[in-house]
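Text of query00.txt, listed as compact mmCIF, C-alpha atoms and all ligand atoms:
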```txt
# COMPACT_ATOMS: atom_id res chain seq x y z
CA MET A 7 0.00 0.00 0.00
CA PRO A 8 1.38 3.43 -0.92
CA ASN A 9 1.97 5.38 2.29
CA GLN A 10 3.68 8.63 1.30
CA LYS A 11 1.17 11.38 0.60
CA ILE A 12 2.05 13.80 -2.19
CA PHE A 13 0.42 17.18 -1.66
CA ILE A 14 -1.18 18.58 -4.80
CA PHE A 15 -0.73 22.34 -5.09
CA ASP A 16 -2.90 23.58 -7.93
CA THR A 17 -1.79 26.77 -9.65
CA THR A 18 -4.32 26.83 -12.52
CA LEU A 19 -5.72 30.09 -11.16
CA ARG A 20 -2.28 31.74 -10.95
CA ASP A 21 0.41 30.28 -13.27
CA GLY A 22 -2.33 28.82 -15.53
CA GLU A 23 -4.21 32.08 -15.67
CA GLN A 24 -1.05 33.89 -16.84
CA VAL A 25 -1.51 32.29 -20.29
CA PRO A 26 -2.47 34.94 -22.86
CA GLY A 27 -6.22 34.72 -23.41
CA CYS A 28 -6.91 32.73 -20.22
CA LYS A 29 -7.60 35.61 -17.86
CA LEU A 30 -10.52 34.95 -15.51
CA ASN A 31 -12.90 37.26 -13.71
CA THR A 32 -13.75 36.75 -10.04
CA LYS A 33 -16.91 34.75 -10.70
CA GLU A 34 -15.05 32.36 -13.00
CA LYS A 35 -12.20 32.01 -10.54
CA ILE A 36 -14.59 31.17 -7.70
CA GLU A 37 -16.38 28.54 -9.79
CA LEU A 38 -13.11 26.88 -10.72
CA ALA A 39 -11.76 27.09 -7.16
CA LEU A 40 -14.85 25.20 -5.94
CA GLN A 41 -14.28 22.54 -8.59
CA LEU A 42 -10.63 22.22 -7.59
CA GLU A 43 -11.63 21.75 -3.96
CA GLU A 44 -14.14 19.06 -5.02
CA LEU A 45 -11.39 17.40 -7.03
CA GLY A 46 -9.39 17.08 -3.81
CA VAL A 47 -6.42 19.39 -4.31
CA ASP A 48 -4.61 20.27 -1.09
CA ILE A 49 -3.61 23.84 -1.93
CA ILE A 50 -5.22 26.31 -4.33
CA GLU A 51 -2.96 29.12 -5.50
CA ALA A 52 -5.73 31.61 -6.09
CA GLY A 53 -3.77 34.48 -7.61
CA PHE A 54 -1.19 37.22 -7.25
CA PRO A 55 -3.02 39.82 -5.12
CA ILE A 56 -0.74 42.80 -5.78
CA SER A 57 -0.94 42.32 -9.55
CA SER A 58 -4.37 43.99 -9.93
CA PRO A 59 -7.38 45.03 -7.83
CA GLY A 60 -9.40 42.36 -9.67
CA ASP A 61 -7.01 39.62 -8.67
CA PHE A 62 -6.90 40.88 -5.08
CA HIS A 63 -10.69 40.62 -5.01
CA SER A 64 -10.63 37.11 -6.50
CA VAL A 65 -8.19 35.85 -3.86
CA GLU A 66 -10.27 37.48 -1.12
CA GLU A 67 -13.52 35.92 -2.35
CA ILE A 68 -11.94 32.49 -2.85
CA SER A 69 -10.55 32.70 0.71
CA LYS A 70 -14.07 33.22 2.04
CA ILE A 71 -15.58 30.27 0.22
CA ILE A 72 -12.97 27.49 0.35
CA LYS A 73 -13.37 25.21 3.37
CA ASN A 74 -10.83 22.42 3.24
CA ALA A 75 -7.98 23.33 0.93
CA SER A 76 -5.30 25.86 1.84
CA VAL A 77 -5.63 29.08 -0.14
CA CYS A 78 -2.39 30.59 -1.31
CA GLY A 79 -1.46 34.02 -2.67
CA LEU A 80 1.72 34.80 -4.60
CA SER A 81 4.06 37.66 -3.86
CA ARG A 82 7.55 38.83 -4.73
CA ALA A 83 10.07 39.29 -1.92
CA VAL A 84 8.73 42.80 -1.49
CA GLN A 85 7.08 44.07 1.70
CA LYS A 86 4.10 45.67 -0.06
CA ASP A 87 3.42 42.48 -2.05
CA ILE A 88 3.47 40.39 1.10
CA GLU A 89 1.22 42.76 3.05
CA THR A 90 -1.24 42.81 0.14
CA ALA A 91 -1.23 39.01 -0.12
CA ALA A 92 -1.86 38.75 3.64
CA GLN A 93 -4.73 41.22 3.35
CA ALA A 94 -6.33 39.26 0.50
CA LEU A 95 -6.00 36.02 2.48
CA LYS A 96 -7.40 37.33 5.74
CA TYR A 97 -10.63 35.28 5.51
CA ALA A 98 -8.93 32.03 4.53
CA LYS A 99 -9.28 29.09 6.91
CA ARG A 100 -5.83 27.91 5.90
CA PRO A 101 -3.92 30.85 4.41
CA ARG A 102 -0.52 30.41 2.79
CA ILE A 103 1.73 33.18 1.53
CA HIS A 104 3.99 32.16 -1.35
CA THR A 105 6.97 34.48 -1.58
CA GLY A 106 10.37 34.25 -3.18
CA ILE A 107 13.13 35.58 -5.38
CA GLY A 108 15.39 34.50 -8.24
CA THR A 109 18.44 32.54 -7.09
CA SER A 110 20.32 31.61 -10.28
CA ASP A 111 23.37 33.75 -11.05
CA LEU A 112 21.58 34.90 -14.20
CA HIS A 113 18.57 36.16 -12.24
CA ILE A 114 20.75 37.66 -9.50
CA LYS A 115 22.74 39.70 -12.01
CA ALA A 116 20.27 40.41 -14.84
CA LYS A 117 17.10 40.95 -12.81
CA PHE A 118 18.39 42.32 -9.52
CA ASN A 119 21.92 43.53 -10.30
CA SER A 120 22.69 42.03 -6.91
CA THR A 121 24.94 39.48 -5.21
CA ARG A 122 24.37 36.00 -3.83
CA GLU A 123 24.74 37.24 -0.23
CA GLU A 124 22.26 40.08 -0.71
CA ILE A 125 19.72 37.70 -2.24
CA ILE A 126 19.91 35.44 0.83
CA GLU A 127 19.22 38.47 3.03
CA ARG A 128 16.23 39.51 0.91
CA ALA A 129 14.86 35.95 0.90
CA VAL A 130 15.12 35.69 4.69
CA GLN A 131 13.56 39.12 5.15
CA ALA A 132 10.61 38.17 2.89
CA VAL A 133 9.89 35.01 4.87
CA LYS A 134 10.04 36.98 8.13
CA TRP A 135 7.59 39.57 6.81
CA ALA A 136 5.21 36.83 5.70
CA LYS A 137 5.52 35.08 9.07
CA ASN A 138 4.09 38.21 10.73
CA PHE A 139 0.77 37.36 9.05
CA VAL A 140 0.53 33.58 8.58
CA ASP A 141 2.13 30.39 9.91
CA ASP A 142 2.24 28.71 6.55
CA VAL A 143 4.86 30.39 4.38
CA GLU A 144 6.11 28.89 1.15
CA PHE A 145 9.37 30.20 -0.28
CA TYR A 146 10.20 29.88 -4.00
CA ALA A 147 13.75 30.02 -5.30
CA GLU A 148 12.96 31.19 -8.81
CA ASP A 149 15.06 29.53 -11.52
CA ALA A 150 16.25 26.93 -9.01
CA GLY A 151 16.59 24.60 -12.02
CA ARG A 152 19.62 26.64 -13.11
CA THR A 153 20.84 27.59 -9.64
CA ASP A 154 24.11 26.18 -8.35
CA ASN A 155 23.18 23.42 -5.88
CA GLU A 156 25.62 24.46 -3.11
CA TYR A 157 24.26 28.01 -3.15
CA LEU A 158 20.65 26.80 -3.40
CA ALA A 159 21.22 24.69 -0.27
CA ARG A 160 22.40 27.80 1.60
CA VAL A 161 19.34 29.79 0.52
CA ILE A 162 16.98 27.00 1.51
CA GLU A 163 18.61 26.48 4.91
CA ALA A 164 18.35 30.21 5.63
CA VAL A 165 14.67 30.52 4.68
CA ILE A 166 13.71 27.44 6.69
CA LYS A 167 15.51 28.95 9.66
CA ALA A 168 13.45 32.12 9.09
CA GLY A 169 10.24 30.06 9.25
CA ALA A 170 9.43 28.76 5.74
CA THR A 171 7.21 25.68 6.01
CA VAL A 172 7.41 24.74 2.33
CA VAL A 173 10.38 25.29 0.01
CA ASN A 174 9.58 25.46 -3.68
CA ILE A 175 12.34 24.50 -6.12
CA PRO A 176 11.03 25.78 -9.47
CA ASP A 177 12.50 24.69 -12.75
CA THR A 178 11.21 28.03 -14.00
CA THR A 179 12.48 27.65 -17.56
CA GLY A 180 11.83 23.91 -17.93
CA TYR A 181 15.56 23.37 -18.44
CA CYS A 182 16.43 20.37 -16.26
CA LEU A 183 16.57 16.76 -17.31
CA PRO A 184 14.61 14.42 -15.03
CA HIS A 185 17.69 12.90 -13.40
CA GLN A 186 19.19 16.37 -12.78
CA TYR A 187 16.02 17.67 -11.18
CA GLY A 188 15.69 14.56 -8.99
CA GLU A 189 19.36 14.87 -7.98
CA LYS A 190 18.85 18.54 -7.10
CA ILE A 191 16.06 17.61 -4.67
CA ALA A 192 18.13 14.74 -3.24
CA PHE A 193 21.06 17.16 -2.84
CA LEU A 194 18.90 19.46 -0.72
CA ILE A 195 17.70 16.54 1.40
CA ASN A 196 21.32 15.56 2.04
CA ASN A 197 22.85 19.00 2.45
CA VAL A 198 20.31 21.24 4.17
CA LYS A 199 20.61 20.65 7.94
CA ASN A 200 17.06 21.73 8.83
CA ILE A 201 15.32 20.25 5.76
CA ASP A 202 13.14 18.01 7.97
CA ARG A 203 11.31 21.17 9.13
CA ALA A 204 9.89 21.91 5.64
CA VAL A 205 8.14 20.21 2.76
CA ILE A 206 10.02 20.36 -0.55
CA SER A 207 7.86 21.32 -3.53
CA CYS A 208 8.39 20.69 -7.27
CA HIS A 209 7.29 23.44 -9.66
CA CYS A 210 8.27 22.42 -13.19
CA HIS A 211 7.68 24.12 -16.51
CA ASN A 212 7.27 22.28 -19.77
CA ASP A 213 9.58 24.09 -22.20
CA LEU A 214 11.21 20.78 -23.19
CA GLY A 215 8.13 18.65 -22.56
CA LEU A 216 9.69 17.30 -19.34
CA ALA A 217 7.54 18.89 -16.63
CA THR A 218 5.71 15.73 -15.64
CA ALA A 219 8.85 13.57 -15.76
CA ASN A 220 10.77 16.15 -13.71
CA SER A 221 8.06 16.38 -11.06
CA ILE A 222 7.96 12.61 -10.68
CA SER A 223 11.74 12.53 -10.48
CA GLY A 224 11.47 15.26 -7.82
CA ILE A 225 9.22 13.20 -5.57
CA ILE A 226 11.43 10.16 -6.03
CA GLY A 227 14.29 12.43 -4.92
CA GLY A 228 12.37 13.35 -1.75
CA ALA A 229 9.94 16.20 -2.54
CA ARG A 230 6.42 15.80 -1.12
CA GLN A 231 4.47 18.50 -2.96
CA ILE A 232 3.85 18.96 -6.69
CA GLU A 233 2.73 22.28 -8.18
CA CYS A 234 0.65 21.71 -11.26
CA THR A 235 -2.25 22.94 -13.37
CA ILE A 236 -5.28 21.40 -15.02
CA ASN A 237 -4.53 20.63 -18.70
CA GLY A 238 -0.90 21.67 -18.07
CA LEU A 239 -1.76 25.34 -18.61
CA GLY A 240 0.89 27.88 -17.64
CA GLU A 241 3.50 30.31 -18.85
CA ARG A 242 4.92 29.56 -22.34
CA ALA A 243 4.76 25.76 -22.85
CA GLY A 244 2.88 25.38 -19.57
CA ASN A 245 3.32 23.79 -16.15
CA THR A 246 3.24 20.21 -14.96
CA SER A 247 -0.15 18.79 -15.80
CA LEU A 248 -2.14 17.82 -12.70
CA GLU A 249 -3.95 14.94 -14.37
CA GLU A 250 -0.67 13.46 -15.60
CA VAL A 251 1.23 13.47 -12.31
CA VAL A 252 -1.79 12.19 -10.41
CA MET A 253 -2.26 9.27 -12.79
CA VAL A 254 1.47 8.46 -12.90
CA ILE A 255 1.39 8.25 -9.10
CA LYS A 256 -1.74 6.06 -9.20
CA GLN A 257 -0.54 3.78 -12.00
CA HIS A 258 2.85 3.31 -10.37
CA ALA A 259 1.65 2.64 -6.84
CA HIS A 260 4.83 0.59 -6.30
CA LEU A 261 6.65 3.92 -5.90
CA GLY A 262 4.84 4.20 -2.56
CA PHE A 263 3.05 7.52 -3.22
CA TYR A 264 -0.60 8.53 -3.19
CA THR A 265 -2.64 11.72 -3.64
CA ASP A 266 -6.11 12.64 -2.41
CA ILE A 267 -7.35 13.50 -5.90
CA LYS A 268 -10.72 12.00 -6.90
CA THR A 269 -9.57 10.80 -10.29
CA GLN A 270 -13.12 10.33 -11.73
CA LYS A 271 -13.40 14.11 -11.69
CA LEU A 272 -10.31 14.69 -13.85
CA ASN A 273 -12.08 14.81 -17.21
CA PRO A 274 -15.08 16.88 -16.05
CA VAL A 275 -12.79 19.44 -14.37
CA SER A 276 -10.51 19.51 -17.43
CA ARG A 277 -13.51 20.30 -19.64
CA GLN A 278 -14.72 23.02 -17.30
CA VAL A 279 -11.27 24.65 -17.19
CA ALA A 280 -10.95 24.45 -21.00
CA GLU A 281 -14.34 26.07 -21.48
CA THR A 282 -13.94 28.75 -18.84
CA MET A 283 -10.43 29.68 -19.95
CA ARG A 284 -11.35 29.34 -23.63
CA MET A 285 -8.30 27.17 -24.17
CA MET A 286 -9.14 23.88 -25.82
CA VAL A 287 -7.22 20.72 -24.94
CA GLN A 288 -5.13 19.13 -27.68
CA PRO A 289 -6.81 15.84 -28.79
CA ASN A 290 -3.74 13.72 -28.03
CA LYS A 291 -3.28 15.13 -24.50
CA ALA A 292 -2.69 12.33 -21.97
CA ILE A 293 -5.67 11.47 -19.72
CA VAL A 294 -7.99 14.29 -20.85
CA GLY A 295 -7.53 14.63 -24.64
CA SER A 296 -10.45 13.55 -26.84
CA ASN A 297 -8.24 10.84 -28.38
CA ALA A 298 -6.79 9.59 -25.08
CA PHE A 299 -9.03 6.52 -25.27
CA SER A 300 -9.58 6.27 -29.06
CA HIS A 301 -8.25 3.36 -31.08
CA SER A 302 -7.95 3.75 -34.80
CA SER A 303 -5.39 1.43 -36.34
CA GLY A 304 -6.44 -2.10 -37.31
CA ILE A 305 -3.73 -3.78 -35.22
CA HIS A 306 -4.67 -1.87 -32.07
CA GLN A 307 -8.41 -2.23 -32.62
CA ASP A 308 -8.18 -5.98 -33.07
CA GLY A 309 -6.15 -6.36 -29.85
CA PHE A 310 -8.33 -3.93 -27.91
CA LEU A 311 -11.53 -5.76 -28.92
CA LYS A 312 -10.04 -9.06 -27.70
CA ASP A 313 -8.85 -7.57 -24.39
CA SER A 314 -8.87 -3.82 -23.66
CA LEU A 315 -5.74 -4.17 -21.51
CA THR A 316 -3.70 -4.84 -24.65
CA TYR A 317 -3.85 -1.15 -25.54
CA GLU A 318 -5.23 0.68 -22.51
CA ILE A 319 -3.37 1.09 -19.22
CA ILE A 320 -6.13 3.20 -17.66
CA ASN A 321 -9.84 2.45 -17.54
CA PRO A 322 -11.51 5.61 -18.95
CA GLU A 323 -14.11 5.49 -16.15
CA GLU A 324 -11.34 5.85 -13.60
CA VAL A 325 -10.59 9.34 -14.95
CA GLY A 326 -14.17 10.28 -15.82
CA ALA A 327 -13.68 10.01 -19.59
CA ASP A 328 -16.62 9.16 -21.87
CA GLY A 329 -15.29 5.68 -22.64
CA SER A 330 -13.07 3.97 -25.17
CA LYS A 331 -13.79 4.65 -28.82
CA ILE A 332 -13.21 2.56 -31.91
CA VAL A 333 -12.70 5.14 -34.63
CA LEU A 334 -12.98 4.02 -38.25
CA THR A 335 -10.41 5.28 -40.75
CA ALA A 336 -8.65 3.83 -43.77
CA ARG A 337 -6.18 2.28 -41.26
CA SER A 338 -8.91 0.30 -39.49
CA GLY A 339 -9.44 -3.43 -39.87
CA ARG A 340 -12.30 -5.86 -40.32
CA SER A 341 -12.88 -6.54 -36.61
CA ALA A 342 -13.37 -2.85 -35.92
CA LEU A 343 -15.77 -2.54 -38.85
CA ALA A 344 -17.77 -5.57 -37.65
CA HIS A 345 -17.80 -4.20 -34.10
CA ARG A 346 -19.11 -0.78 -35.15
CA LEU A 347 -21.74 -2.29 -37.49
CA HIS A 348 -22.86 -4.56 -34.68
CA LYS A 349 -23.16 -1.56 -32.33
CA ILE A 350 -25.62 0.12 -34.69
CA GLY A 351 -27.72 -3.00 -35.14
CA TYR A 352 -26.27 -5.05 -38.03
CA SER A 353 -24.97 -8.56 -37.63
CA PHE A 354 -23.02 -9.80 -40.60
CA ASN A 355 -20.96 -12.99 -40.90
CA ARG A 356 -17.28 -13.08 -41.77
CA ASN A 357 -17.92 -13.38 -45.55
CA ASP A 358 -20.33 -10.42 -45.50
CA ILE A 359 -17.76 -8.34 -43.64
CA ASP A 360 -15.07 -9.24 -46.21
CA VAL A 361 -17.24 -7.80 -48.97
CA ILE A 362 -18.39 -4.73 -47.03
CA TYR A 363 -14.78 -4.06 -46.00
CA GLU A 364 -13.72 -3.55 -49.64
CA HIS A 365 -16.42 -0.87 -50.05
CA PHE A 366 -15.57 0.55 -46.64
CA LEU A 367 -11.93 1.11 -47.72
CA GLN A 368 -13.06 2.99 -50.81
CA VAL A 369 -15.13 5.34 -48.66
CA ALA A 370 -12.43 5.56 -45.97
CA ASP A 371 -9.77 6.63 -48.48
CA THR A 372 -11.85 9.68 -49.33
CA LYS A 373 -12.36 10.98 -45.76
CA LYS A 374 -10.65 11.48 -42.44
CA GLU A 375 -13.11 9.32 -40.51
CA VAL A 376 -15.92 6.97 -41.50
CA MET A 377 -19.00 8.02 -39.57
CA GLU A 378 -22.17 6.24 -38.49
CA ASP A 379 -24.13 7.59 -41.49
CA ASP A 380 -21.55 6.09 -43.85
CA LEU A 381 -21.87 2.75 -42.07
CA HIS A 382 -25.63 2.70 -42.52
CA LYS A 383 -25.17 3.42 -46.23
CA LEU A 384 -22.57 0.66 -46.60
CA ALA A 385 -24.72 -1.87 -44.71
CA LYS A 386 -27.92 -1.03 -46.61
CA ALA A 387 -26.15 -1.12 -49.98
CA TYR A 388 -24.76 -4.54 -49.13
CA GLN A 389 -28.18 -5.84 -47.99
CA ALA A 390 -29.77 -4.55 -51.20
CA SER A 391 -27.06 -6.21 -53.28
CA ILE A 392 -27.78 -9.62 -51.75
CA VAL A 393 -31.52 -9.28 -52.31
CA THR A 394 -31.00 -8.40 -55.97
CA ALA A 395 -28.48 -11.18 -56.54
O1 LIG A 401 7.96 29.33 -12.46
C1 LIG A 401 8.21 29.92 -11.39
O2 LIG A 401 9.36 30.03 -10.95
C2 LIG A 401 7.06 30.50 -10.67
C3 LIG A 401 7.34 31.05 -9.30
C4 LIG A 401 6.69 32.38 -9.15
C5 LIG A 401 6.89 30.06 -8.27
O3 LIG A 401 5.95 30.44 -11.14
ZN ZN A 402 5.84 28.94 -12.73
```

So that I can check it, write out the structure of this file as structure tokens.
Amino acid sequence: MPNQKIFIFDTTLRDGEQVPGCKLNTKEKIELALQLEELGVDIIEAGFPISSPGDFHSVEEISKIIKNASVCGLSRAVQKDIETAAQALKYAKRPRIHTGIGTSDLHIKAKFNSTREEIIERAVQAVKWAKNFVDDVEFYAEDAGRTDNEYLARVIEAVIKAGATVVNIPDTTGYCLPHQYGEKIAFLINNVKNIDRAVISCHCHNDLGLATANSISGIIGGARQIECTINGLGERAGNTSLEEVVMVIKQHAHLGFYTDIKTQKLNPVSRQVAETMRMMVQPNKAIVGSNAFSHSSGIHQDGFLKDSLTYEIINPEEVGADGSKIVLTARSGRSALAHRLHKIGYSFNRNDIDVIYEHFLQVADTKKEVMEDDLHKLAKAYQASIVTA
């Protein structure tokens, strides 16, 4: 039995909402926050309160309405940001302030024109400010993916000493390879003296398509929180996709991890996020794409119809998907054709199917997908041909 809980920190309403075109108003944010709570996420990052009066209001309203999950507000390592986040979170049952600063040499020089020592002081100061308002303070070391590990360990030790309860190690630019990210987390476990006083969090971006792999590598390395978004929405190529990490953890229970996510809600919530944010999901997206449980090639269809486990590792019901689909194209085989004809009320023997299949291929070569209407036409034409013969 898996016994290590992985906390799911959802940032759809913050990092996800940063996507151009995905901006939400307060009503939409509240509706989605309620869905996320129903889904079973542990922490909802509701927004970045200082960024606009509208976002402040959204975080405040979400704080009033959410009962079980922690509600988190983002801030920079700036006093005014932190005070504003605290203000927006004042009604939350479990408030968390998320504050931090860039720690890679590139960020230290290019963004802050500062030094490593000064950045540690600013990080510590930010955590102390946040601690004046809430117990639960998460610190992010922005661009940790490209931060020197020895220096990162010093930053993390200092912020934990200042009271950080969660330490976020973002691969902000999606640069790391899975083994590097996992090793970075393991390095912190082995080199930060007070690491047992905080939870380590993975926050991975998908610039190289590695966000899910990196997050999983992070928990194997010792992290216990994953920051993720529904449908993998987020800056540029997106963040770690919630549905993917949750299902990796479930499918690979031998790793010893579990989450409290109600997986049957994954597809309904994905649809609601896509509609509300007006950002459709790519059809081949794992778990929630419209083709995630579609079988279209003859070899796969034949195997699937004999035993679904041959080509499906997840039961669609388990993730709230509509069900498996046998899609007919010019790459489909006879068993799929017979199966679909049978589903719409025709039962033909093997010889009949052989003949209909030849006509089917002619139709299939002219279109992307052979639809139910086409099947009725093919079946009726065949029936008429036997009567005439
Ligand atoms: O990607 C990142 O580094 C972030 C931080 C603000 C947590 O989103
Ligand atoms: Zn991010």

Can you tell me which residues come within 9 Å of ligand LIG 401 (chain A) when counting only C-alpha atoms and all ligand atoms, ideally as a PyMOL selection string?
chain A and resi 17+20-21+80-82+104-108+145-150+174-180+209-211+233+240-241+245

Please provide the set of residues having any atom within 10 Å of segment 74-77 of chain A, restricted to all atoms listed in the file, with same-chain residues fewer than 3 positions apart removed, written as a PyMOL selection string.
chain A and resi 15-16+39-40+42-44+46-53+65-66+68-71+95+97-103+142

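Put simply, atom CA of Ala168 of chain A is 18.2 Å away from atom CA of Asp87 of chain A.
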
Give me the residues near Tyr352 of chain A as a PyMOL selection string, where near means some atom within 12 Å (using all atoms listed in the file) and where sequence neighbours in that chain fewer than 2 positions away do not count.
chain A and resi 343-350+354-355+358-359+362+381-386+388-389

Tell me, as a ChimeraX atom specification, which residues lie within 12 Å of Val294 of chain A, counting all atoms listed in the file; anything in the same chain fewer than 4 positions away does not count.
/A:236-238,247-250,253,269-280,286-290,298-300,320,322-329

Here is a test: counting all atoms listed in the file, which residue of A:Asn9, A:Ser353, A:Gln24, A:Ser58 is nearest to ligand ZN 402 (chain A)?
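Looking at the shortest contact to ligand ZN 402 (chain A), the residue is A:Gln24.
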
Complete the atoms of segment 125-133 of chain A to all heavy atoms and put them out as a tab-separated table (two decimals), in the frame of the given file.
```tsv
chain	number	residue	atom	x	y	z
A	125	ILE	N	20.96	38.44	-1.93
A	125	ILE	CA	19.72	37.70	-2.24
A	125	ILE	C	19.30	36.84	-1.04
A	125	ILE	O	18.11	36.76	-0.70
A	125	ILE	CB	19.91	36.85	-3.53
A	125	ILE	CG1	20.01	37.77	-4.76
A	125	ILE	CG2	18.81	35.81	-3.70
A	125	ILE	CD1	18.77	38.58	-5.10
A	126	ILE	N	20.26	36.23	-0.37
A	126	ILE	CA	19.91	35.44	0.83
A	126	ILE	C	19.25	36.36	1.87
A	126	ILE	O	18.21	36.01	2.45
A	126	ILE	CB	21.14	34.71	1.43
A	126	ILE	CG1	21.67	33.67	0.44
A	126	ILE	CG2	20.78	34.06	2.78
A	126	ILE	CD1	22.77	32.77	0.96
A	127	GLU	N	19.82	37.54	2.04
A	127	GLU	CA	19.22	38.47	3.03
A	127	GLU	C	17.78	38.84	2.64
A	127	GLU	O	16.89	38.87	3.49
A	127	GLU	CB	20.04	39.77	3.10
A	127	GLU	CG	21.28	39.64	3.98
A	127	GLU	CD	22.23	40.83	3.79
A	127	GLU	OE1	21.73	41.96	3.55
A	127	GLU	OE2	23.45	40.61	3.85
A	128	ARG	N	17.59	39.11	1.35
A	128	ARG	CA	16.23	39.51	0.91
A	128	ARG	C	15.25	38.34	1.05
A	128	ARG	O	14.08	38.55	1.41
A	128	ARG	CB	16.28	40.00	-0.55
A	128	ARG	CG	16.92	41.38	-0.64
A	128	ARG	CD	17.18	41.81	-2.06
A	128	ARG	NE	15.97	42.09	-2.80
A	128	ARG	CZ	15.95	42.65	-4.02
A	128	ARG	NH1	17.09	42.99	-4.60
A	128	ARG	NH2	14.83	42.87	-4.64
A	129	ALA	N	15.73	37.14	0.79
A	129	ALA	CA	14.86	35.95	0.90
A	129	ALA	C	14.43	35.77	2.36
A	129	ALA	O	13.23	35.56	2.66
A	129	ALA	CB	15.62	34.72	0.40
A	130	VAL	N	15.39	35.87	3.26
A	130	VAL	CA	15.12	35.69	4.69
A	130	VAL	C	14.15	36.77	5.18
A	130	VAL	O	13.18	36.50	5.89
A	130	VAL	CB	16.45	35.71	5.50
A	130	VAL	CG1	16.21	35.89	6.98
A	130	VAL	CG2	17.24	34.43	5.22
A	131	GLN	N	14.41	37.99	4.74
A	131	GLN	CA	13.56	39.12	5.15
A	131	GLN	C	12.11	38.90	4.69
A	131	GLN	O	11.14	39.12	5.42
A	131	GLN	CB	14.13	40.42	4.55
A	131	GLN	CG	13.35	41.64	4.92
A	131	GLN	CD	13.29	41.90	6.43
A	131	GLN	OE1	14.29	42.27	7.05
A	131	GLN	NE2	12.14	41.67	7.03
A	132	ALA	N	11.96	38.40	3.45
A	132	ALA	CA	10.61	38.17	2.89
A	132	ALA	C	9.86	37.13	3.72
A	132	ALA	O	8.68	37.31	4.05
A	132	ALA	CB	10.72	37.71	1.44
A	133	VAL	N	10.55	36.06	4.07
A	133	VAL	CA	9.89	35.01	4.87
A	133	VAL	C	9.49	35.59	6.24
A	133	VAL	O	8.38	35.34	6.73
A	133	VAL	CB	10.80	33.76	5.01
A	133	VAL	CG1	10.21	32.76	6.00
A	133	VAL	CG2	11.01	33.11	3.63
```
